[in-house]
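Coordinates as given in data-v3.json (JSON, C-alpha atoms):
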```json
[["chain", "number", "residue", "atom", "x", "y", "z"],
["A", 15, "MET", "CA", 0.00, 0.00, 0.00],
["A", 16, "ARG", "CA", 2.97, 2.35, 0.58],
["A", 17, "VAL", "CA", 5.56, 0.88, -1.80],
["A", 18, "PRO", "CA", 5.31, 1.55, -5.58],
["A", 19, "TYR", "CA", 5.47, -1.32, -8.07],
["A", 20, "GLY", "CA", 6.91, -1.43, -11.57],
["A", 21, "ALA", "CA", 8.68, 1.14, -13.69],
["A", 22, "ASP", "CA", 5.63, 3.43, -13.58],
["A", 23, "ASN", "CA", 5.66, 3.49, -9.74],
["A", 24, "GLU", "CA", 2.03, 2.43, -9.32],
["A", 25, "TYR", "CA", 0.53, 1.88, -5.88],
["A", 26, "PHE", "CA", -1.76, -1.04, -5.05],
["A", 27, "LYS", "CA", -5.07, 0.54, -3.95],
["A", 28, "TYR", "CA", -7.49, -2.38, -3.51],
["A", 29, "SER", "CA", -7.67, -3.09, 0.20],
["A", 30, "LEU", "CA", -10.70, -5.35, -0.07],
["A", 31, "PHE", "CA", -8.82, -7.63, -2.47],
["A", 32, "LEU", "CA", -6.19, -8.20, 0.20],
["A", 33, "VAL", "CA", -8.94, -9.08, 2.67],
["A", 34, "PHE", "CA", -10.44, -11.54, 0.16],
["A", 35, "CYS", "CA", -7.09, -13.28, -0.46],
["A", 36, "ASN", "CA", -6.33, -13.52, 3.25],
["A", 37, "ARG", "CA", -9.70, -14.98, 4.15],
["A", 38, "LEU", "CA", -9.74, -17.35, 1.18],
["A", 39, "MET", "CA", -6.47, -18.96, 2.24],
["A", 40, "THR", "CA", -7.50, -19.07, 5.91],
["A", 41, "SER", "CA", -10.85, -20.75, 5.16],
["A", 42, "ALA", "CA", -9.15, -23.31, 2.90],
["A", 43, "VAL", "CA", -6.57, -24.20, 5.56],
["A", 44, "SER", "CA", -9.17, -24.44, 8.35],
["A", 45, "ALA", "CA", -11.47, -26.61, 6.19],
["A", 46, "GLY", "CA", -8.57, -28.92, 5.35],
["A", 47, "THR", "CA", -7.68, -29.17, 9.04],
["A", 48, "LEU", "CA", -11.25, -30.09, 10.01],
["A", 49, "ILE", "CA", -11.45, -32.75, 7.30],
["A", 50, "ALA", "CA", -8.02, -34.19, 8.08],
["A", 51, "SER", "CA", -8.79, -34.42, 11.81],
["A", 52, "ARG", "CA", -12.27, -35.86, 11.08],
["A", 53, "LYS", "CA", -13.96, -33.28, 13.24],
["A", 54, "ALA", "CA", -17.49, -32.00, 12.74],
["A", 55, "ILE", "CA", -17.66, -29.39, 10.02],
["A", 56, "ASP", "CA", -21.27, -28.42, 10.78],
["A", 57, "PRO", "CA", -21.79, -24.97, 12.36],
["A", 58, "VAL", "CA", -21.96, -25.08, 16.14],
["A", 59, "ALA", "CA", -23.45, -21.59, 16.60],
["A", 60, "PRO", "CA", -26.15, -19.93, 14.47],
["A", 61, "VAL", "CA", -24.69, -18.83, 11.14],
["A", 62, "TYR", "CA", -25.63, -15.18, 11.67],
["A", 63, "LYS", "CA", -23.26, -15.02, 14.66],
["A", 64, "TYR", "CA", -20.37, -16.12, 12.46],
["A", 65, "CYS", "CA", -21.45, -13.43, 10.00],
["A", 66, "LEU", "CA", -21.33, -10.75, 12.70],
["A", 67, "VAL", "CA", -17.72, -11.66, 13.48],
["A", 68, "SER", "CA", -16.99, -11.82, 9.77],
["A", 69, "MET", "CA", -18.45, -8.38, 8.98],
["A", 70, "SER", "CA", -16.64, -6.66, 11.82],
["A", 71, "ASN", "CA", -13.42, -8.45, 10.89],
["A", 72, "ILE", "CA", -13.69, -7.28, 7.27],
["A", 73, "LEU", "CA", -14.27, -3.70, 8.39],
["A", 74, "THR", "CA", -11.32, -4.02, 10.79],
["A", 75, "THR", "CA", -8.91, -5.23, 8.12],
["A", 76, "THR", "CA", -10.15, -2.76, 5.49],
["A", 77, "CYS", "CA", -9.65, 0.19, 7.85],
["A", 78, "GLN", "CA", -6.20, -1.14, 8.69],
["A", 79, "TYR", "CA", -5.08, -1.37, 5.07],
["A", 80, "GLU", "CA", -6.68, 1.93, 4.07],
["A", 81, "ALA", "CA", -5.02, 3.72, 6.98],
["A", 82, "LEU", "CA", -1.61, 2.78, 5.57],
["A", 83, "LYS", "CA", -2.31, 5.22, 2.74],
["A", 84, "TYR", "CA", -2.44, 8.13, 5.18],
["A", 85, "VAL", "CA", -0.27, 7.23, 8.17],
["A", 86, "SER", "CA", 3.08, 5.49, 8.42],
["A", 87, "PHE", "CA", 3.44, 1.92, 9.62],
["A", 88, "PRO", "CA", 4.92, 2.92, 13.03],
["A", 89, "VAL", "CA", 1.98, 5.28, 13.65],
["A", 90, "GLN", "CA", -0.52, 2.56, 12.80],
["A", 91, "THR", "CA", 1.33, -0.04, 14.82],
["A", 92, "LEU", "CA", 1.45, 2.04, 17.98],
["A", 93, "ALA", "CA", -2.18, 3.12, 17.56],
["A", 94, "LYS", "CA", -3.16, -0.55, 17.73],
["A", 95, "CYS", "CA", -2.03, -0.53, 21.35],
["A", 96, "ALA", "CA", -5.13, 1.53, 22.16],
["A", 97, "LYS", "CA", -7.34, -1.50, 21.42],
["A", 98, "MET", "CA", -7.56, -2.09, 25.19],
["A", 99, "ILE", "CA", -10.17, 0.66, 25.52],
["A", 100, "PRO", "CA", -12.65, -0.64, 22.89],
["A", 101, "VAL", "CA", -12.13, -4.19, 24.19],
["A", 102, "MET", "CA", -13.04, -3.01, 27.70],
["A", 103, "ILE", "CA", -16.07, -1.11, 26.38],
["A", 104, "TRP", "CA", -17.33, -4.04, 24.29],
["A", 105, "GLY", "CA", -16.57, -6.44, 27.17],
["A", 106, "THR", "CA", -18.80, -4.37, 29.45],
["A", 107, "LEU", "CA", -21.61, -4.15, 26.87],
["A", 108, "ILE", "CA", -21.52, -7.68, 25.45],
["A", 109, "MET", "CA", -20.21, -9.86, 28.30],
["A", 110, "GLN", "CA", -21.16, -7.71, 31.33],
["A", 111, "LYS", "CA", -17.56, -7.67, 32.56],
["A", 112, "ARG", "CA", -16.38, -5.29, 35.26],
["A", 113, "TYR", "CA", -12.90, -3.77, 35.32],
["A", 114, "LYS", "CA", -10.95, -2.12, 38.12],
["A", 115, "GLY", "CA", -10.25, 1.59, 38.33],
["A", 116, "TYR", "CA", -6.55, 1.29, 37.51],
["A", 117, "ASP", "CA", -7.47, -0.63, 34.33],
["A", 118, "TYR", "CA", -9.42, 2.38, 33.06],
["A", 119, "PHE", "CA", -6.67, 4.79, 34.16],
["A", 120, "LEU", "CA", -3.92, 2.86, 32.38],
["A", 121, "ALA", "CA", -6.11, 2.51, 29.31],
["A", 122, "LEU", "CA", -6.50, 6.31, 29.23],
["A", 123, "LEU", "CA", -2.72, 6.68, 29.50],
["A", 124, "VAL", "CA", -2.34, 4.37, 26.51],
["A", 125, "THR", "CA", -4.78, 6.51, 24.53],
["A", 126, "LEU", "CA", -2.90, 9.68, 25.51],
["A", 127, "GLY", "CA", 0.41, 8.20, 24.40],
["A", 128, "CYS", "CA", -1.06, 7.06, 21.08],
["A", 129, "SER", "CA", -2.59, 10.49, 20.49],
["A", 130, "ILE", "CA", 0.76, 12.20, 21.09],
["A", 131, "PHE", "CA", 2.47, 9.76, 18.73],
["A", 132, "ILE", "CA", -0.06, 10.32, 15.94],
["A", 133, "LEU", "CA", -0.57, 14.08, 16.26],
["A", 134, "PHE", "CA", 3.13, 14.98, 16.33],
["A", 135, "PRO", "CA", 4.68, 13.13, 13.38],
["A", 136, "SER", "CA", 8.15, 13.76, 12.05],
["A", 137, "GLY", "CA", 8.36, 16.30, 9.27],
["A", 138, "ALA", "CA", 9.62, 13.69, 6.80],
["A", 139, "ASP", "CA", 6.79, 11.26, 7.61],
["A", 140, "LEU", "CA", 4.51, 12.02, 4.66],
["A", 141, "SER", "CA", 2.13, 9.83, 2.70],
["A", 142, "PRO", "CA", 2.26, 9.36, -1.08],
["A", 143, "TYR", "CA", -1.52, 9.87, -1.19],
["A", 144, "SER", "CA", -1.91, 13.17, 0.62],
["A", 145, "LYS", "CA", -0.01, 15.73, 2.64],
["A", 146, "GLY", "CA", -0.43, 17.93, 5.64],
["A", 147, "ARG", "CA", -3.17, 18.00, 8.24],
["A", 148, "GLU", "CA", -5.73, 16.06, 6.15],
["A", 149, "ASN", "CA", -3.34, 13.14, 6.12],
["A", 150, "THR", "CA", -3.35, 12.96, 9.91],
["A", 151, "VAL", "CA", -7.09, 13.56, 10.39],
["A", 152, "TRP", "CA", -8.25, 10.96, 7.86],
["A", 153, "GLY", "CA", -5.63, 8.49, 9.05],
["A", 154, "VAL", "CA", -6.76, 8.92, 12.67],
["A", 155, "SER", "CA", -10.40, 8.44, 11.60],
["A", 156, "LEU", "CA", -9.55, 5.16, 9.89],
["A", 157, "MET", "CA", -7.57, 3.98, 12.92],
["A", 158, "VAL", "CA", -10.50, 4.81, 15.24],
["A", 159, "GLY", "CA", -12.72, 2.69, 12.99],
["A", 160, "TYR", "CA", -10.13, -0.09, 13.06],
["A", 161, "LEU", "CA", -9.95, -0.07, 16.87],
["A", 162, "GLY", "CA", -13.73, -0.06, 17.31],
["A", 163, "PHE", "CA", -14.41, -2.92, 14.90],
["A", 164, "ASP", "CA", -11.40, -4.92, 16.13],
["A", 165, "GLY", "CA", -12.56, -4.61, 19.74],
["A", 166, "PHE", "CA", -15.99, -5.94, 18.81],
["A", 167, "THR", "CA", -14.47, -8.81, 16.78],
["A", 168, "SER", "CA", -12.25, -10.20, 19.54],
["A", 169, "THR", "CA", -14.89, -9.70, 22.25],
["A", 170, "PHE", "CA", -17.63, -11.43, 20.25],
["A", 171, "GLN", "CA", -15.23, -14.28, 19.42],
["A", 172, "ASP", "CA", -14.60, -14.63, 23.15],
["A", 173, "LYS", "CA", -18.37, -14.74, 23.73],
["A", 174, "LEU", "CA", -18.82, -17.48, 21.11],
["A", 175, "PHE", "CA", -16.07, -19.61, 22.63],
["A", 176, "LYS", "CA", -17.58, -19.27, 26.10],
["A", 177, "GLY", "CA", -21.19, -19.74, 24.95],
["A", 178, "TYR", "CA", -20.67, -22.80, 22.74],
["A", 179, "ASP", "CA", -18.53, -25.93, 22.84],
["A", 180, "MET", "CA", -16.71, -24.77, 19.73],
["A", 181, "GLU", "CA", -13.48, -25.90, 18.10],
["A", 182, "ILE", "CA", -11.07, -23.18, 17.03],
["A", 183, "HIS", "CA", -11.03, -24.40, 13.42],
["A", 184, "ASN", "CA", -14.82, -24.49, 13.31],
["A", 185, "GLN", "CA", -15.13, -20.81, 14.19],
["A", 186, "ILE", "CA", -12.28, -19.82, 11.87],
["A", 187, "PHE", "CA", -13.75, -21.74, 8.94],
["A", 188, "TYR", "CA", -17.24, -20.27, 9.08],
["A", 189, "THR", "CA", -16.05, -16.79, 9.95],
["A", 190, "THR", "CA", -13.56, -16.64, 7.09],
["A", 191, "LEU", "CA", -16.00, -18.31, 4.70],
["A", 192, "CYS", "CA", -18.51, -15.52, 5.36],
["A", 193, "SER", "CA", -15.67, -13.02, 4.93],
["A", 194, "CYS", "CA", -14.82, -14.49, 1.52],
["A", 195, "VAL", "CA", -18.40, -14.09, 0.32],
["A", 196, "LEU", "CA", -18.76, -10.56, 1.69],
["A", 197, "SER", "CA", -15.40, -9.28, 0.43],
["A", 198, "LEU", "CA", -15.90, -10.85, -3.00],
["A", 199, "SER", "CA", -19.35, -9.25, -3.23],
["A", 200, "GLY", "CA", -17.86, -5.88, -2.27],
["A", 201, "LEU", "CA", -15.15, -6.18, -4.92],
["A", 202, "ILE", "CA", -17.69, -7.00, -7.61],
["A", 203, "LEU", "CA", -20.05, -4.18, -6.61],
["A", 204, "GLU", "CA", -17.18, -1.65, -6.57],
["A", 205, "GLY", "CA", -15.84, -2.94, -9.88],
["A", 206, "HIS", "CA", -12.40, -3.51, -8.36],
["A", 207, "LEU", "CA", -12.10, -7.29, -8.73],
["A", 208, "PHE", "CA", -10.70, -7.42, -12.26],
["A", 209, "LEU", "CA", -8.68, -4.24, -11.72],
["A", 210, "ALA", "CA", -6.94, -5.83, -8.74],
["A", 211, "ILE", "CA", -6.35, -9.10, -10.61],
["A", 212, "ASP", "CA", -4.94, -7.18, -13.58],
["A", 213, "PHE", "CA", -2.60, -5.21, -11.31],
["A", 214, "VAL", "CA", -1.31, -8.37, -9.62],
["A", 215, "TYR", "CA", -0.96, -10.11, -13.01],
["A", 216, "HIS", "CA", 1.23, -7.32, -14.41],
["A", 217, "HIS", "CA", 3.31, -6.94, -11.21],
["A", 218, "LEU", "CA", 4.61, -10.32, -10.14],
["A", 219, "ASP", "CA", 6.40, -8.83, -7.14],
["A", 220, "CYS", "CA", 3.01, -7.63, -5.92],
["A", 221, "PHE", "CA", 1.65, -11.17, -6.39],
["A", 222, "PHE", "CA", 4.38, -12.59, -4.16],
["A", 223, "ASP", "CA", 3.73, -9.88, -1.58],
["A", 224, "VAL", "CA", 0.01, -10.72, -1.52],
["A", 225, "ALA", "CA", 0.77, -14.44, -1.21],
["A", 226, "LEU", "CA", 3.20, -13.81, 1.64],
["A", 227, "LEU", "CA", 0.73, -11.50, 3.40],
["A", 228, "SER", "CA", -2.04, -14.11, 3.12],
["A", 229, "THR", "CA", 0.20, -16.85, 4.46],
["A", 230, "VAL", "CA", 1.26, -14.79, 7.47],
["A", 231, "ALA", "CA", -2.33, -13.65, 8.10],
["A", 232, "THR", "CA", -3.56, -17.26, 8.00],
["A", 233, "THR", "CA", -0.91, -18.40, 10.47],
["A", 234, "SER", "CA", -1.56, -15.50, 12.83],
["A", 235, "GLN", "CA", -5.32, -16.10, 12.77],
["A", 236, "PHE", "CA", -4.91, -19.50, 14.40],
["A", 237, "PHE", "CA", -2.69, -18.05, 17.13],
["A", 238, "ILE", "CA", -5.16, -15.19, 17.67],
["A", 239, "SER", "CA", -8.16, -17.52, 17.99],
["A", 240, "TYR", "CA", -6.32, -19.84, 20.37],
["A", 241, "THR", "CA", -5.22, -16.93, 22.58],
["A", 242, "ILE", "CA", -8.73, -15.44, 22.72],
["A", 243, "ARG", "CA", -10.29, -18.82, 23.54],
["A", 244, "THR", "CA", -7.73, -19.65, 26.24],
["A", 245, "PHE", "CA", -7.03, -16.27, 27.88],
["A", 246, "GLY", "CA", -9.78, -13.86, 26.76],
["A", 247, "ALA", "CA", -9.96, -10.75, 24.59],
["A", 248, "LEU", "CA", -8.35, -8.26, 27.00],
["A", 249, "THR", "CA", -5.35, -10.49, 27.68],
["A", 250, "PHE", "CA", -4.92, -10.90, 23.95],
["A", 251, "ALA", "CA", -4.95, -7.10, 23.51],
["A", 252, "THR", "CA", -2.23, -6.78, 26.15],
["A", 253, "ILE", "CA", -0.07, -9.54, 24.65],
["A", 254, "MET", "CA", -0.12, -7.76, 21.31],
["A", 255, "THR", "CA", 1.80, -4.80, 22.75],
["A", 256, "THR", "CA", 5.09, -6.70, 22.71],
["A", 257, "ARG", "CA", 4.56, -7.50, 19.05],
["A", 258, "GLN", "CA", 3.75, -3.85, 18.36],
["A", 259, "LEU", "CA", 6.98, -2.71, 20.03],
["A", 260, "VAL", "CA", 9.07, -5.14, 17.97],
["A", 261, "SER", "CA", 7.22, -4.10, 14.79],
["A", 262, "ILE", "CA", 7.91, -0.41, 15.42],
["A", 263, "VAL", "CA", 11.61, -0.99, 16.02],
["A", 264, "LEU", "CA", 11.96, -3.19, 12.93],
["A", 265, "SER", "CA", 10.01, -0.72, 10.79],
["A", 266, "CYS", "CA", 12.10, 2.25, 11.92],
["A", 267, "VAL", "CA", 15.28, 0.34, 11.12],
["A", 268, "TRP", "CA", 14.14, -1.28, 7.87],
["A", 269, "PHE", "CA", 12.17, 1.59, 6.31],
["A", 270, "ARG", "CA", 14.11, 4.39, 8.04],
["A", 271, "HIS", "CA", 11.02, 6.04, 9.53],
["A", 272, "PRO", "CA", 12.12, 9.10, 11.51],
["A", 273, "LEU", "CA", 10.65, 9.66, 14.98],
["A", 274, "SER", "CA", 10.14, 13.07, 16.57],
["A", 275, "TRP", "CA", 10.89, 13.61, 20.24],
["A", 276, "GLU", "CA", 7.14, 13.89, 20.94],
["A", 277, "GLN", "CA", 6.65, 10.45, 19.38],
["A", 278, "CYS", "CA", 9.38, 9.04, 21.62],
["A", 279, "ILE", "CA", 7.54, 10.42, 24.67],
["A", 280, "GLY", "CA", 4.27, 8.94, 23.40],
["A", 281, "SER", "CA", 5.94, 5.54, 22.97],
["A", 282, "ILE", "CA", 7.28, 5.64, 26.52],
["A", 283, "ILE", "CA", 3.82, 6.52, 27.91],
["A", 284, "VAL", "CA", 2.12, 3.71, 25.96],
["A", 285, "PHE", "CA", 4.47, 0.89, 26.79],
["A", 286, "GLY", "CA", 5.05, 2.10, 30.34],
["A", 287, "ALA", "CA", 1.30, 2.05, 31.03],
["A", 288, "LEU", "CA", 0.81, -1.34, 29.42],
["A", 289, "TYR", "CA", 3.60, -3.07, 31.26],
["A", 290, "THR", "CA", 2.58, -1.37, 34.52],
["A", 291, "ARG", "CA", -0.83, -2.98, 34.05],
["A", 292, "SER", "CA", 0.81, -6.36, 33.53],
["A", 293, "PHE", "CA", 2.84, -5.86, 36.73],
["A", 294, "PHE", "CA", -0.26, -4.95, 38.77],
["A", 295, "LYS", "CA", -2.09, -7.98, 37.40],
["A", 296, "LYS", "CA", 0.72, -10.33, 38.43],
["A", 297, "VAL", "CA", 0.84, -8.81, 41.92],
["A", 298, "SER", "CA", -2.94, -9.14, 42.38],
["A", 299, "GLU", "CA", -2.85, -12.78, 41.28],
["A", 300, "LYS", "CA", -0.17, -13.81, 43.81],
["A", 301, "PRO", "CA", -1.64, -15.76, 46.78],
["A", 302, "ARG", "CA", -1.39, -13.82, 50.00],
["A", 303, "PRO", "CA", 0.36, -15.66, 52.89],
["A", 304, "SER", "CA", -1.73, -16.08, 56.00],
["A", 305, "GLU", "CA", -1.03, -13.80, 58.95],
["A", 306, "HIS", "CA", -1.63, -16.69, 61.39],
["A", 307, "PRO", "CA", 0.11, -19.79, 60.06],
["A", 308, "MET", "CA", -0.33, -21.76, 63.32],
["A", 309, "GLU", "CA", -4.07, -21.18, 63.17],
["A", 310, "ASN", "CA", -4.18, -22.45, 59.60],
["A", 311, "MET", "CA", -2.24, -25.57, 60.63],
["A", 312, "HIS", "CA", -4.70, -26.19, 63.47],
["A", 313, "ASN", "CA", -7.69, -25.77, 61.14],
["A", 314, "GLY", "CA", -6.10, -28.07, 58.57],
["A", 315, "ALA", "CA", -5.44, -30.71, 61.21],
["A", 316, "SER", "CA", -9.03, -30.44, 62.46],
["A", 317, "SER", "CA", -10.34, -30.90, 58.91],
["A", 318, "LEU", "CA", -8.10, -33.92, 58.45],
["A", 319, "MET", "CA", -9.37, -35.47, 61.69],
["A", 320, "LYS", "CA", -12.96, -34.95, 60.60],
["A", 321, "GLY", "CA", -12.32, -36.36, 57.15],
["A", 322, "SER", "CA", -10.68, -39.51, 58.57],
["A", 323, "SER", "CA", -13.39, -40.38, 61.10],
["A", 324, "PRO", "CA", -14.63, -44.00, 60.91],
["A", 325, "ARG", "CA", -17.70, -44.69, 58.78],
["A", 326, "GLY", "CA", -19.29, -47.03, 61.27],
["A", 327, "GLY", "CA", -20.12, -44.27, 63.75],
["A", 328, "GLU", "CA", -19.49, -44.33, 67.47],
["A", 329, "PRO", "CA", -18.85, -47.72, 69.11]]
```

Could you rewrite the structure in this file as C-alpha cells?
Amino acid sequence: MRVPYGADNEYFKYSLFLVFCNRLMTSAVSAGTLIASRKAIDPVAPVYKYCLVSMSNILTTTCQYEALKYVSFPVQTLAKCAKMIPVMIWGTLIMQKRYKGYDYFLALLVTLGCSIFILFPSGADLSPYSKGRENTVWGVSLMVGYLGFDGFTSTFQDKLFKGYDMEIHNQIFYTTLCSCVLSLSGLILEGHLFLAIDFVYHHLDCFFDVALLSTVATTSQFFISYTIRTFGALTFATIMTTRQLVSIVLSCVWFRHPLSWEQCIGSIIVFGALYTRSFFKKVSEKPRPSEHPMENMHNGASSLMKGSSPRGGEP
C-alpha cells in the first residue's frame, strides 16, 4: 500500500482484495484441518453469529489497510495498542464484565500516548496519497474505525467460545467463509475485482507480496483464535503490545522512519502504562500468605481429623 510497483511506480489501492485473499487462504486451511482431523464441520453456533464476526473483521482489516495510505506503519502499529479501551467497552456491553479503576486509568494513558504519537509526526513522515493536516485527520479516523471494529471482533469471538462448545477451526472456517463471500461481493459491486487481478498479473512482485501476506495472516489467525479462547480478549490485547513494540523498532530500522521527540515520549507513555498494568495484574494474582500460620495448621489438622473419622459411627 505504501511501496510503488513497476517502472511506472504504481501503488496497489485495492484493500478489499487483500482481505479476500487472506480470508480465502484461511478458510481453505481451516477446512482442510477439520477434514483431516475428522472433526465436525457443521456450524456449532447460528450462522448469523459467524457473519457478525466476519463483517466486523472485514471492516477491521479494510480500515487497517486503508489507513496505511495516510499514516506510516509505526503510527498505525502504535495506535493498535489503544485497542484495550474498545475491548473493555465491548466487554462491558456484550459480556457484562467489570474492570478495576486502575485498568481504566492505564487505558486512558495508553490513549494519551497514542494520540501524542499520531498528532506529532516527524516532518519527513509524509504519505504518497496526501499531505499535511488532512493526512493525519483521515488516518486517525480510519484507525478509530479499526480499533472499534477490532474490539468488537475479539470480544464477540470470546463470547462465542464461552457460549458454545466450539473448536477453534470451526469458528475460523465459518467466519472466514462468510468473509470471503462478503469481500468478493464488495469487490464486484465496486468494480475492483478485475482491476486488482490485472494489477497483480502485471506486477509479479506484488503477487508474491500478496501471497506472503495471506500466508502470514492465516498463520496469525490460528494463534489469535487460540489466545482469545484460552485467555480472553483483554489479555490478547495486552499480549499484542510486545509484538507492536518489535514491529515499530523493525520498521524504523528497515524503512528508516524518523521519529520526533514527541513520538518518543508517546511511545514511553504507551508501553510504560501497558507493562505497569501487567505488573499490577501479576501482583494481584499472587496468593497472600496467612497472617496466622499456626491457626491455619490447626484448622487443617481439624479438617483432616474430621475427614478420617470411621464410617461405622461411634462404638

Self-check item: Leu73 (chain A) environment, 10 Å, only C-alpha atoms, sequence neighbours closer than 6 positions dropped, as a PyMOL selection string
Solution: chain A and resi 30+33+159-160+162-164+167+197

Quiz prompt | Which residue of A:Leu201, A:Leu209, A:Val85, A:Val101 approaches Phe170 (chain A) most closely, using only C-alpha atoms | solution =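 Going through A:Leu201, A:Leu209, A:Val85, A:Val101 one by one, the smallest distance to Phe170 (chain A) is for A:Val101.
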
Practice problem: Fewer than 3 positions away in the same chain doesn't count, so skip those; otherwise give me all residues within 7 Å of Ile283 (chain A), counting only C-alpha atoms, as a list in words. | Solution: Leu123, Val124, Gly127, Ile279, Gly280, Gly286 and Ala287 of chain A

Could you check which residues have any atom within 9 Å of (-7.4, -12.5, 0.9), counting all atoms listed in the file with coordinates taken straight from the file, and then list them as an mmCIF file with C-alpha atoms, keeping the file's coordinate frame?
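File produced: out_33.cif:
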```cif
data_model
loop_
_atom_site.group_PDB
_atom_site.id
_atom_site.type_symbol
_atom_site.label_atom_id
_atom_site.label_comp_id
_atom_site.auth_asym_id
_atom_site.auth_seq_id
_atom_site.Cartn_x
_atom_site.Cartn_y
_atom_site.Cartn_z
ATOM 1 C CA LEU A 30 -10.700 -5.350 -0.070
ATOM 2 C CA PHE A 31 -8.820 -7.630 -2.470
ATOM 3 C CA LEU A 32 -6.190 -8.200 0.200
ATOM 4 C CA VAL A 33 -8.940 -9.080 2.670
ATOM 5 C CA PHE A 34 -10.440 -11.540 0.160
ATOM 6 C CA CYS A 35 -7.090 -13.280 -0.460
ATOM 7 C CA ASN A 36 -6.330 -13.520 3.250
ATOM 8 C CA ARG A 37 -9.700 -14.980 4.150
ATOM 9 C CA LEU A 38 -9.740 -17.350 1.180
ATOM 10 C CA MET A 39 -6.470 -18.960 2.240
ATOM 11 C CA THR A 40 -7.500 -19.070 5.910
ATOM 12 C CA CYS A 194 -14.820 -14.490 1.520
ATOM 13 C CA SER A 197 -15.400 -9.280 0.430
ATOM 14 C CA VAL A 224 0.010 -10.720 -1.520
ATOM 15 C CA ALA A 225 0.770 -14.440 -1.210
ATOM 16 C CA LEU A 227 0.730 -11.500 3.400
ATOM 17 C CA SER A 228 -2.040 -14.110 3.120
ATOM 18 C CA ALA A 231 -2.330 -13.650 8.100
#
```

Quiz prompt | Between CA of Val195 (chain A) and CA of Ser41 (chain A), distance in Å (one decimal) | solution =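 Answer for the CA of Val195 (chain A) to CA of Ser41 (chain A) separation: 11.2 Å.
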
Quiz item: Expressed in Å to a single decimal, how great is the separation between CA of Ile202 (chain A) and CA of Tyr188 (chain A)?
Solution: 21.3 Å

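Among the candidates A:Ser199, A:Ser281, A:Asn23, A:Gln185, the residue lying nearest to Arg243 (chain A) is A:Gln185 (atoms considered: all atoms listed in the file).
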
Self-check item: Polymer residues at most 7 Å from Trp104 (chain A), all atoms listed in the file, same-chain spacing of 5 or more positions, as number ranges by chain
Solution: A: 165-166, 169

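If you measure from each of A:Arg52, A:Ile103, A:Leu120, A:Lys63 to Tyr289 (chain A) using only C-alpha atoms, the closest one turns out to be A:Leu120.
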
Quiz prompt | Among listed residues A:Leu82, A:Glu204, A:Thr74, A:Lys173, nearest Thr106 (chain A) (using all atoms listed in the file) | solution =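 Checking each of A:Leu82, A:Glu204, A:Thr74, A:Lys173 against Thr106 (chain A), counting all atoms listed in the file, the winner is A:Lys173.
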
Quiz prompt | Contacts of Met102 (chain A) within 8 Å, all atoms listed in the file, excl. fewer than 3 positions in-chain, as a VMD selection string | solution = chain A and resid 98 to 99 105 to 106 113 248

Self-check item: Point (-16.9, -6.3, 5.3), cut-off 7 Å, counting all atoms listed in the file, residues as a ChimeraX atom specification
Solution: /A:69-73,193,196-197

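Excluding Asp219 (chain A) itself and any same-chain residue fewer than 5 positions from it, the protein and nucleic acid residues within 12 Å of it, counting only C-alpha atoms, are Val17, Pro18, Tyr19, Gly20, Phe26, Phe213, Val214, Val224, Ala225 and Leu226 of chain A.
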
Practice problem: Tell me which of A:Ile130, A:Cys278, A:Ile211, A:Ile238 sits closest to Ile186 (chain A), counting only C-alpha atoms. | Solution: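 Ranking A:Ile130, A:Cys278, A:Ile211, A:Ile238 by distance to Ile186 (chain A), first place goes to A:Ile238.
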
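Nearest-residue note for Leu288 (chain A): choosing from A:Lys176, A:Lys114, A:Lys97, A:His183, the minimum distance belongs to A:Lys97, counting all atoms listed in the file.
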
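Across the model, the gap from CA of Leu191 (chain A) to CA of Ile49 (chain A) is 15.4 Å.
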